[in-house]
Each structure stands twice: as structure tokens, then as C-alpha cells.
Amino acid sequence: MGSSIIKAQRGTKDILPSESFKWSFLENLIEKISLRFNFKKIRTPIFESTSLFDRSVGNQTDVVQKEMYTFFDKAKRSISLRPEGTASVARSVIEHSLFKNALPLKFFYVGTFYRYEKPQSGRFREFYQFGAEIFGSSLPEADIELILFAKSFFDELKIRNLLLKINSMGCSFCRESYNSAVYKYFNSKKSKICSVCLARLKKNPLRILDCKDEECRNLSENAPSILNFLCKSCCCHFESVKFYLDVLKIKYKIDSKIVRGLDYYNRTVFEFVNDEIGNQSAVCGGGRYDDLVEKLGGPFLPAIGFAIGIERLFLIMEKQKVEFKNFKTCDIYIANTSNEVKSTVVDLSFILKNKTKLICEYDILGRNLKSQIKYADKIKAKFVLVIGSKEITQGFAIAKDMNNKKTFNVSLKDAFLQDVLKIVK
RNA sequence: GUGGGUAUAGCUUAGCUGGUUAAAGCGCCAGUUUGUGGCACUGGAGACCGUCGGUUCAAAUCCGAUUACCCACCCCA
């Protein structure tokens, strides 16, 4: 292969026919479950004004600061490829005053997202997410509806070993006092934390809780928990969420160290994690963002959402050997014995394509009969119908079942469709 | 952005203590008498060994750089 050929860009990849059926399968399933939970699909543009993400995801976050594909268009507008979905959906809700419709709004989306990161297992520069959002309810029932939606999706796929982790980040009031408590705690142990965390201390002390460094981790064990700093109503909200999960017998683990890196989250945050796929173990992440819509210039509209990383989902499915239904290959292959009958073959196959749902193939490479049948076998055709001038004069041909070699007469006249449909079920 | 590993036909790999036409399996194509596949057999096409540079009489094999891929950190889904 020449070195001058153009390749797919770093962190992106082609989904080839040998894989694409899995994606179609998943997308169909997403539509199906969404319908069941009455979430409606929303499609938003792949690029947005950079300021949308600055103001929602937060201009201090890693996602915005160093991972966005940002560029100026020809009119010198700053544009960014969407790094996540919630901001765009919120923007759309505001722009079209969707909040004036009957609440709640329940939306889902599937699409590509872009982050300029170094690729590794379960992480790409162009990746797919399936996400869902509920707008208009601040009640814990909305949290539950959303978590159940995600869970049903995983259940439908028969995915095992998913752990639901939940936490509450409180509201801006709780968080302020918590932040200073964490700062105080680590500040007093400055000499023990790693150099990265030393930097975090000033910028975002909560991040230290995520550090993988052993010393930091030990210290984090005894760090103050956000859950001890929740105000009364945040505490109530969290208790209700847990209550519902208990009632529904959904197992979960409280993990006060889940700290979502996007600025808009408050109160309930959650993750579904699987420990079989390396270190990108979070296959689904989400949480409440009650203040985002207002912050973007809309009315106060509490909301909650999640996003599922499709590539990571595939990683788990592969590990767990979850099966996909593959597409049908070919129902009937119509072989010819000579050039003179080709037009009949094309004609008959055209009739099948138009009048039935059968998949019908015939030779377009000029192969001899034997090679045609070999090819039919290769593409797993269920039946082969051989047509020659003899068959045309006698008005019928013989179809062979490729699995058991049984043969059937098939009329080449009026009863053609009837005969074919009878043998191919 | 930081670190580690890898880079040979479409795919999976062998060769890598430097030396004639780079090897195998799978896949692909064709054939094994007469109009019928899966098996077996025979043959064929297909890589200039990621790229650039260096060492050498001689490099896929040694050295350097670069790019890409994989993995981990960071962050996230």
C-alpha cells in the first residue's frame, strides 16, 4: 500500500459493512426503548457557537479548555464541534420555546461528538453517544424515570455486571460550603498530596477526590463527604431517589467521589460502570442540571439527563459475548447458464425485488455456472435457481435448497412469484 | 499535554545474532471432462517489509527522527 493514500483522521474510524449491522441494530433498539419510555428524538447540529459550550459545560473545564475542536468560519465566527449533547438540546429548548409546551419534555438523541483527546481504548476523537434528557421536573421521580430508562436499555441488551453509582452534588449553596471544607482538608495536608493535586487545590479541590495516586487516594478516604454538606432540600431529594431505587430493587452504590467534570451538574449525579473494559469504565454518565436553561437565557427549567458511550457499550458487549442479529444475506440466487438467458434472469430478479421483500442476487461478473453457485454459497444464499434456455422453453426451472439439496420446480411464467414465495419462507 | 509498546501481502502472523527472486495460514481468483456449491487437490494474483534519513560492500533485520495504531496517565461517555 502506498504511503500517499489518505487515511481516516486520528481517533476516527470507518464503520465497515462487517460492523455496521451492529450499529443499526443498536440504533433500532434505542428507538424502540425510547418509544416505550415516550422519549422523542431530537437532532441538533454537529457544530455550535463556541460560546454555547463556554457557558454551559464551563470554560474552566478540561472539555472546553483543551478538548474542543474550535475554529473560525469564513465570517470569523468562533465555531466548535459539539463535545457533548446536553448543551445543544438545552439551547434548542430555549430557542424554540419548547418549555411552553406541556411539561415535562422528554428527548433523546444519538449522534457523533468530538473531543480532541489522545485516543485509547474506549476513547476516540469522534465518538457516538446515545443521550436522553428530561426538562421541567425538579422532583426525584424524574431522576428515577431517567435512570430506569438507561437501565432498561442495558437490560434489553442483556448486559451484566453494570454497577450504578450515585451521588448528590447538592445545589450551589451546599457546594460552596463543601468546596471550602475540602479545600481546608487538603490544604492542611498539602505536603502529602501529589504535584498534580497541588495544582488542583487552587483550581478545583473536588478533583483531588478523583486522583489515582495512592497517597491522594488514602487521604481522600477521610476527606469530608459532600453528603454531609447537603442542605435540607437537597438531602431530601437524594433520600427520595434512594428510596425509589430501594423500592424498585435496583442495586446501587453511593459514591461520594463521583465528581462530574462539567460545570452544569447539581444534585443527583450517576454513572453506570463496568470493570471489564479497561480504565474507561464509565459507559453511562449523567445527572441533574437544574440551572442550565436559565443560565443560557431561558426560564428556570430544572432538568436531568444521561449519555451513553456507544463504543464503550460495544466493548462491554464484546467482552460479554452479547449476540447481534445479523442481516439476512440472500434468499435466492438466480444463476444463468449462458448469455442468452441473462435478460430473463435480470427480469425475474427485478420482479422479485419489486413484488416481494426477498433478497435476490444474480451474476454481474460474467462467471460460469459453477462459479456462480460457488458465489451463491459464499454469500449464504438460501436457494439457487438455475435458468438456461432449456428451462425457458419448458417454462419452469429447478431451485435448490442450499442447506439440504432438496429441489423444487419453479414456474417461470405466471406462477413464478407464487412458487418462489412458497419455497422461500 | 506526559509516558510505555507496536508498525511485514485484504486479514492474522513468521522472518529481525544484517547477505541471492521476503514465507505461511486465512481470504480472493481460476481450474480438477459433459449445466450446480460447501470437502480435497492444483495453480494464480497480491507486500518493495509505515515514512524519511543514517551506519554498512550489503538492512525488513542495527541506529535516529517522524507519523500512525494500541495501552496507561489526565479527563470523560
# chains A, B, ... in the order shown; residues from 1 in each chain; ligands from 1
>>> select_by_dssp(residues="region 154-397 of chain A", states="strand (DSSP E)", output="mmCIF file with C-alpha atoms, in the first residue's frame")
data_model
loop_
_atom_site.group_PDB
_atom_site.id
_atom_site.type_symbol
_atom_site.label_atom_id
_atom_site.label_comp_id
_atom_site.auth_asym_id
_atom_site.auth_seq_id
_atom_site.Cartn_x
_atom_site.Cartn_y
_atom_site.Cartn_z
ATOM 1 C CA LEU A 163 -22.827 -1.034 38.683
ATOM 2 C CA LEU A 164 -24.987 2.006 39.247
ATOM 3 C CA LYS A 165 -23.132 4.615 41.237
ATOM 4 C CA ILE A 166 -24.979 7.615 42.547
ATOM 5 C CA ASN A 167 -24.110 10.745 44.385
ATOM 6 C CA SER A 168 -25.516 14.157 45.059
ATOM 7 C CA LYS A 253 -23.679 2.181 45.347
ATOM 8 C CA ILE A 254 -23.328 5.584 46.826
ATOM 9 C CA ASN A 266 -26.085 19.716 40.512
ATOM 10 C CA ARG A 267 -27.872 17.382 42.899
ATOM 11 C CA THR A 268 -28.150 13.814 41.571
ATOM 12 C CA VAL A 269 -25.252 12.543 39.501
ATOM 13 C CA PHE A 270 -24.800 8.936 38.483
ATOM 14 C CA GLU A 271 -22.740 6.545 36.445
ATOM 15 C CA PHE A 272 -23.084 3.027 35.173
ATOM 16 C CA VAL A 273 -19.664 1.400 35.296
ATOM 17 C CA ALA A 282 -17.963 4.577 32.746
ATOM 18 C CA VAL A 283 -20.324 3.560 29.984
ATOM 19 C CA CYS A 284 -23.046 5.936 31.061
ATOM 20 C CA GLY A 285 -22.852 9.176 32.949
ATOM 21 C CA GLY A 286 -25.440 11.725 33.819
ATOM 22 C CA GLY A 287 -27.021 13.984 36.306
ATOM 23 C CA ARG A 288 -29.254 16.866 37.102
ATOM 24 C CA ALA A 303 -33.649 19.067 34.063
ATOM 25 C CA ILE A 304 -31.740 15.817 34.187
ATOM 26 C CA GLY A 305 -30.017 13.751 31.531
ATOM 27 C CA PHE A 306 -27.603 10.970 30.741
ATOM 28 C CA ALA A 307 -25.265 9.992 27.952
ATOM 29 C CA ILE A 308 -24.133 6.519 26.991
ATOM 30 C CA GLY A 309 -20.881 5.978 25.112
ATOM 31 C CA CYS A 330 -29.549 -13.602 0.261
ATOM 32 C CA ASP A 331 -32.777 -15.517 -0.129
ATOM 33 C CA ILE A 332 -32.397 -16.636 -3.681
ATOM 34 C CA TYR A 333 -29.617 -16.562 -6.211
ATOM 35 C CA ILE A 334 -30.672 -16.827 -9.837
ATOM 36 C CA ALA A 335 -27.888 -18.387 -11.863
ATOM 37 C CA ASN A 336 -27.656 -18.364 -15.636
ATOM 38 C CA CYS A 360 -32.324 -11.740 -4.731
ATOM 39 C CA GLU A 361 -28.927 -11.790 -6.405
ATOM 40 C CA TYR A 362 -27.651 -12.762 -9.831
ATOM 41 C CA ALA A 381 -27.909 -17.775 -0.398
ATOM 42 C CA LYS A 382 -30.746 -19.964 0.816
ATOM 43 C CA PHE A 383 -31.812 -21.083 -2.644
ATOM 44 C CA VAL A 384 -30.287 -21.216 -6.074
ATOM 45 C CA LEU A 385 -32.457 -21.135 -9.149
ATOM 46 C CA VAL A 386 -30.680 -22.197 -12.331
ATOM 47 C CA ILE A 387 -32.003 -20.846 -15.583
ATOM 48 C CA PHE A 396 -40.033 -23.942 -15.343
ATOM 49 C CA ALA A 397 -36.675 -24.159 -13.569
#
>>> residues_around(residues="region 29-41 of chain B", least_positions_apart="3", cutoff="12 Å", atoms="only C-alpha atoms (C1' of nucleotides)", output="MDAnalysis selection string")
(chainID A and resid 333:338 367:391 398:405 407) or (chainID B and resid 44:46)
>>> write_last_selection(atoms="C-alpha atoms (C1' of nucleotides)", output="PDB file, in the first residue's frame")
ATOM      1  CA  TYR A 333     -29.617 -16.562  -6.211  1.00  0.00           C
ATOM      2  CA  ILE A 334     -30.672 -16.827  -9.837  1.00  0.00           C
ATOM      3  CA  ALA A 335     -27.888 -18.387 -11.863  1.00  0.00           C
ATOM      4  CA  ASN A 336     -27.656 -18.364 -15.636  1.00  0.00           C
ATOM      5  CA  THR A 337     -26.107 -20.985 -17.886  1.00  0.00           C
ATOM      6  CA  SER A 338     -25.415 -18.742 -20.837  1.00  0.00           C
ATOM      7  CA  ARG A 367     -18.936 -16.007 -14.176  1.00  0.00           C
ATOM      8  CA  ASN A 368     -19.616 -19.522 -15.362  1.00  0.00           C
ATOM      9  CA  LEU A 369     -22.330 -21.577 -13.743  1.00  0.00           C
ATOM     10  CA  LYS A 370     -20.097 -23.353 -11.289  1.00  0.00           C
ATOM     11  CA  SER A 371     -18.544 -20.131 -10.064  1.00  0.00           C
ATOM     12  CA  GLN A 372     -21.945 -18.554  -9.777  1.00  0.00           C
ATOM     13  CA  ILE A 373     -23.083 -21.303  -7.471  1.00  0.00           C
ATOM     14  CA  LYS A 374     -19.876 -21.157  -5.507  1.00  0.00           C
ATOM     15  CA  TYR A 375     -20.506 -17.477  -5.033  1.00  0.00           C
ATOM     16  CA  ALA A 376     -24.115 -18.126  -4.024  1.00  0.00           C
ATOM     17  CA  ASP A 377     -22.788 -20.452  -1.372  1.00  0.00           C
ATOM     18  CA  LYS A 378     -20.287 -17.887  -0.220  1.00  0.00           C
ATOM     19  CA  ILE A 379     -22.923 -15.250   0.340  1.00  0.00           C
ATOM     20  CA  LYS A 380     -25.077 -17.859   2.093  1.00  0.00           C
ATOM     21  CA  ALA A 381     -27.909 -17.775  -0.398  1.00  0.00           C
ATOM     22  CA  LYS A 382     -30.746 -19.964   0.816  1.00  0.00           C
ATOM     23  CA  PHE A 383     -31.812 -21.083  -2.644  1.00  0.00           C
ATOM     24  CA  VAL A 384     -30.287 -21.216  -6.074  1.00  0.00           C
ATOM     25  CA  LEU A 385     -32.457 -21.135  -9.149  1.00  0.00           C
ATOM     26  CA  VAL A 386     -30.680 -22.197 -12.331  1.00  0.00           C
ATOM     27  CA  ILE A 387     -32.003 -20.846 -15.583  1.00  0.00           C
ATOM     28  CA  GLY A 388     -30.929 -21.874 -19.088  1.00  0.00           C
ATOM     29  CA  SER A 389     -32.556 -21.938 -22.488  1.00  0.00           C
ATOM     30  CA  LYS A 390     -33.926 -25.390 -21.729  1.00  0.00           C
ATOM     31  CA  GLU A 391     -35.752 -24.044 -18.662  1.00  0.00           C
ATOM     32  CA  ILE A 398     -35.279 -26.001 -10.603  1.00  0.00           C
ATOM     33  CA  ALA A 399     -34.474 -24.309  -7.341  1.00  0.00           C
ATOM     34  CA  LYS A 400     -32.163 -25.990  -4.900  1.00  0.00           C
ATOM     35  CA  ASP A 401     -32.227 -25.544  -1.156  1.00  0.00           C
ATOM     36  CA  MET A 402     -28.581 -24.932  -0.377  1.00  0.00           C
ATOM     37  CA  ASN A 403     -28.828 -26.428   3.080  1.00  0.00           C
ATOM     38  CA  ASN A 404     -30.266 -29.820   2.251  1.00  0.00           C
ATOM     39  CA  LYS A 405     -30.015 -30.076  -1.541  1.00  0.00           C
ATOM     40  CA  THR A 407     -35.047 -29.335  -5.220  1.00  0.00           C
TER      41      THR A 407
ATOM     42  C1'   G B  44      -2.602 -17.670  -9.827  1.00  0.00           C
ATOM     43  C1'   A B  45      -2.891 -12.564  -8.374  1.00  0.00           C
ATOM     44  C1'   G B  46      -1.340  -9.881  -4.122  1.00  0.00           C
TER      45        G B  46
END
>>> atom_distance(atom1="CA of Leu365 (chain A)", atom2="CA of Ala415 (chain A)")
28.8 Å
>>> interface_residues(of="chain B", to="chain A", cutoff="10 Å", atoms="only C-alpha atoms (C1' of nucleotides)", output="PyMOL selection string")
chain B and resi 1+9+30+35-38+47+50-51+68-77
>>> atom_distance(atom1="CA of Phe243 (chain A)", atom2="CA of Asp143 (chain A)")
11.8 Å
>>> residues_around(residues="Cys171 (chain A)", least_positions_apart="4", cutoff="12 Å", atoms="only C-alpha atoms (C1' of nucleotides)", output="number ranges by chain")
A: 175-179, 226-227, 229-235, 237-238, 263-269, 288-291, 302
>>> write_last_selection(atoms="C-alpha atoms", output="PDB file, in the first residue's frame")
ATOM      1  CA  ARG A 175     -21.436  23.098  47.156  1.00  0.00           C
ATOM      2  CA  GLU A 176     -19.897  26.317  48.289  1.00  0.00           C
ATOM      3  CA  SER A 177     -19.566  25.168  51.867  1.00  0.00           C
ATOM      4  CA  TYR A 178     -18.409  21.753  50.770  1.00  0.00           C
ATOM      5  CA  ASN A 179     -15.807  23.207  48.472  1.00  0.00           C
ATOM      6  CA  ILE A 226     -20.439  16.130  50.093  1.00  0.00           C
ATOM      7  CA  LEU A 227     -23.292  14.168  51.579  1.00  0.00           C
ATOM      8  CA  PHE A 229     -22.930  19.177  53.488  1.00  0.00           C
ATOM      9  CA  LEU A 230     -26.241  18.904  51.679  1.00  0.00           C
ATOM     10  CA  CYS A 231     -28.862  21.445  52.563  1.00  0.00           C
ATOM     11  CA  LYS A 232     -32.201  20.205  53.745  1.00  0.00           C
ATOM     12  CA  SER A 233     -33.977  20.118  50.403  1.00  0.00           C
ATOM     13  CA  CYS A 234     -31.023  18.595  48.557  1.00  0.00           C
ATOM     14  CA  CYS A 235     -30.786  15.957  51.243  1.00  0.00           C
ATOM     15  CA  HIS A 237     -34.190  14.925  47.187  1.00  0.00           C
ATOM     16  CA  PHE A 238     -31.326  12.469  47.438  1.00  0.00           C
ATOM     17  CA  ASP A 263     -19.987  22.671  35.389  1.00  0.00           C
ATOM     18  CA  TYR A 264     -23.714  22.427  34.916  1.00  0.00           C
ATOM     19  CA  TYR A 265     -24.389  19.436  37.149  1.00  0.00           C
ATOM     20  CA  ASN A 266     -26.085  19.716  40.512  1.00  0.00           C
ATOM     21  CA  ARG A 267     -27.872  17.382  42.899  1.00  0.00           C
ATOM     22  CA  THR A 268     -28.150  13.814  41.571  1.00  0.00           C
ATOM     23  CA  VAL A 269     -25.252  12.543  39.501  1.00  0.00           C
ATOM     24  CA  ARG A 288     -29.254  16.866  37.102  1.00  0.00           C
ATOM     25  CA  TYR A 289     -28.679  20.340  35.712  1.00  0.00           C
ATOM     26  CA  ASP A 290     -31.442  22.458  37.193  1.00  0.00           C
ATOM     27  CA  ASP A 291     -29.867  25.819  36.490  1.00  0.00           C
ATOM     28  CA  PRO A 302     -34.947  22.025  36.034  1.00  0.00           C
TER      29      PRO A 302
END
>>> residues_around(residues="region 25-27 of chain A", least_positions_apart="2", cutoff="9 Å", atoms="only C-alpha atoms (C1' of nucleotides)", output="ChimeraX atom specification")
/A:20-23,29-32,110,130,157,310,324-326
>>> write_last_selection(atoms="C-alpha atoms", output="tab-separated table (two decimals), in the first residue's frame")
chain	number	residue	atom	x	y	z
A	20	SER	CA	-22.27	-1.57	10.59
A	21	PHE	CA	-25.08	-4.02	11.15
A	22	LYS	CA	-24.30	-3.92	14.85
A	23	TRP	CA	-24.72	-0.18	14.86
A	29	LEU	CA	-33.06	-0.77	19.83
A	30	ILE	CA	-32.55	2.77	21.06
A	31	GLU	CA	-35.56	3.92	19.04
A	32	LYS	CA	-37.59	1.04	20.40
A	110	VAL	CA	-27.92	9.56	19.03
A	130	PHE	CA	-26.91	8.00	22.98
A	157	LEU	CA	-29.19	-5.80	25.70
A	310	ILE	CA	-21.71	3.62	22.27
A	324	PHE	CA	-26.24	-9.37	17.47
A	325	LYS	CA	-28.77	-10.40	14.93
A	326	ASN	CA	-27.03	-10.13	11.61
>>> atom_distance(atom1="CA of Lys321 (chain A)", atom2="CA of Glu276 (chain A)")
12.2 Å
>>> closest_residue(among="A:Phe71, A:Phe135, A:Tyr116, A:Tyr185", to="Leu98 (chain A)", atoms="only C-alpha atoms")
A:Phe135
>>> decode(residues="region 331-374 of chain A", atoms="C-alpha atoms", output="PDB file, in the first residue's frame")
ATOM      1  CA  ASP A 331     -32.777 -15.517  -0.129  1.00  0.00           C
ATOM      2  CA  ILE A 332     -32.397 -16.636  -3.681  1.00  0.00           C
ATOM      3  CA  TYR A 333     -29.617 -16.562  -6.211  1.00  0.00           C
ATOM      4  CA  ILE A 334     -30.672 -16.827  -9.837  1.00  0.00           C
ATOM      5  CA  ALA A 335     -27.888 -18.387 -11.863  1.00  0.00           C
ATOM      6  CA  ASN A 336     -27.656 -18.364 -15.636  1.00  0.00           C
ATOM      7  CA  THR A 337     -26.107 -20.985 -17.886  1.00  0.00           C
ATOM      8  CA  SER A 338     -25.415 -18.742 -20.837  1.00  0.00           C
ATOM      9  CA  ASN A 339     -25.520 -15.203 -22.109  1.00  0.00           C
ATOM     10  CA  GLU A 340     -28.777 -15.738 -23.988  1.00  0.00           C
ATOM     11  CA  VAL A 341     -30.824 -16.099 -20.811  1.00  0.00           C
ATOM     12  CA  LYS A 342     -29.339 -13.202 -18.870  1.00  0.00           C
ATOM     13  CA  SER A 343     -32.141 -10.833 -19.727  1.00  0.00           C
ATOM     14  CA  THR A 344     -34.657 -13.316 -18.335  1.00  0.00           C
ATOM     15  CA  VAL A 345     -32.626 -13.600 -15.148  1.00  0.00           C
ATOM     16  CA  VAL A 346     -32.476  -9.839 -14.729  1.00  0.00           C
ATOM     17  CA  ASP A 347     -36.183  -9.575 -15.436  1.00  0.00           C
ATOM     18  CA  LEU A 348     -37.174 -12.240 -12.917  1.00  0.00           C
ATOM     19  CA  SER A 349     -34.949 -10.835 -10.216  1.00  0.00           C
ATOM     20  CA  PHE A 350     -36.396  -7.394 -10.813  1.00  0.00           C
ATOM     21  CA  ILE A 351     -39.867  -8.799 -10.339  1.00  0.00           C
ATOM     22  CA  LEU A 352     -38.821 -10.366  -7.041  1.00  0.00           C
ATOM     23  CA  LYS A 353     -37.294  -7.133  -5.819  1.00  0.00           C
ATOM     24  CA  ASN A 354     -40.378  -5.142  -6.635  1.00  0.00           C
ATOM     25  CA  LYS A 355     -43.083  -7.544  -5.595  1.00  0.00           C
ATOM     26  CA  THR A 356     -41.553  -9.272  -2.594  1.00  0.00           C
ATOM     27  CA  LYS A 357     -39.232  -8.484   0.263  1.00  0.00           C
ATOM     28  CA  LEU A 358     -36.857 -11.228  -0.756  1.00  0.00           C
ATOM     29  CA  ILE A 359     -33.198 -10.534  -1.288  1.00  0.00           C
ATOM     30  CA  CYS A 360     -32.324 -11.740  -4.731  1.00  0.00           C
ATOM     31  CA  GLU A 361     -28.927 -11.790  -6.405  1.00  0.00           C
ATOM     32  CA  TYR A 362     -27.651 -12.762  -9.831  1.00  0.00           C
ATOM     33  CA  ASP A 363     -24.354 -12.697 -11.675  1.00  0.00           C
ATOM     34  CA  ILE A 364     -22.965  -9.362 -12.801  1.00  0.00           C
ATOM     35  CA  LEU A 365     -19.385 -10.542 -13.245  1.00  0.00           C
ATOM     36  CA  GLY A 366     -19.843 -12.917 -16.168  1.00  0.00           C
ATOM     37  CA  ARG A 367     -18.936 -16.007 -14.176  1.00  0.00           C
ATOM     38  CA  ASN A 368     -19.616 -19.522 -15.362  1.00  0.00           C
ATOM     39  CA  LEU A 369     -22.330 -21.577 -13.743  1.00  0.00           C
ATOM     40  CA  LYS A 370     -20.097 -23.353 -11.289  1.00  0.00           C
ATOM     41  CA  SER A 371     -18.544 -20.131 -10.064  1.00  0.00           C
ATOM     42  CA  GLN A 372     -21.945 -18.554  -9.777  1.00  0.00           C
ATOM     43  CA  ILE A 373     -23.083 -21.303  -7.471  1.00  0.00           C
ATOM     44  CA  LYS A 374     -19.876 -21.157  -5.507  1.00  0.00           C
TER      45      LYS A 374
END
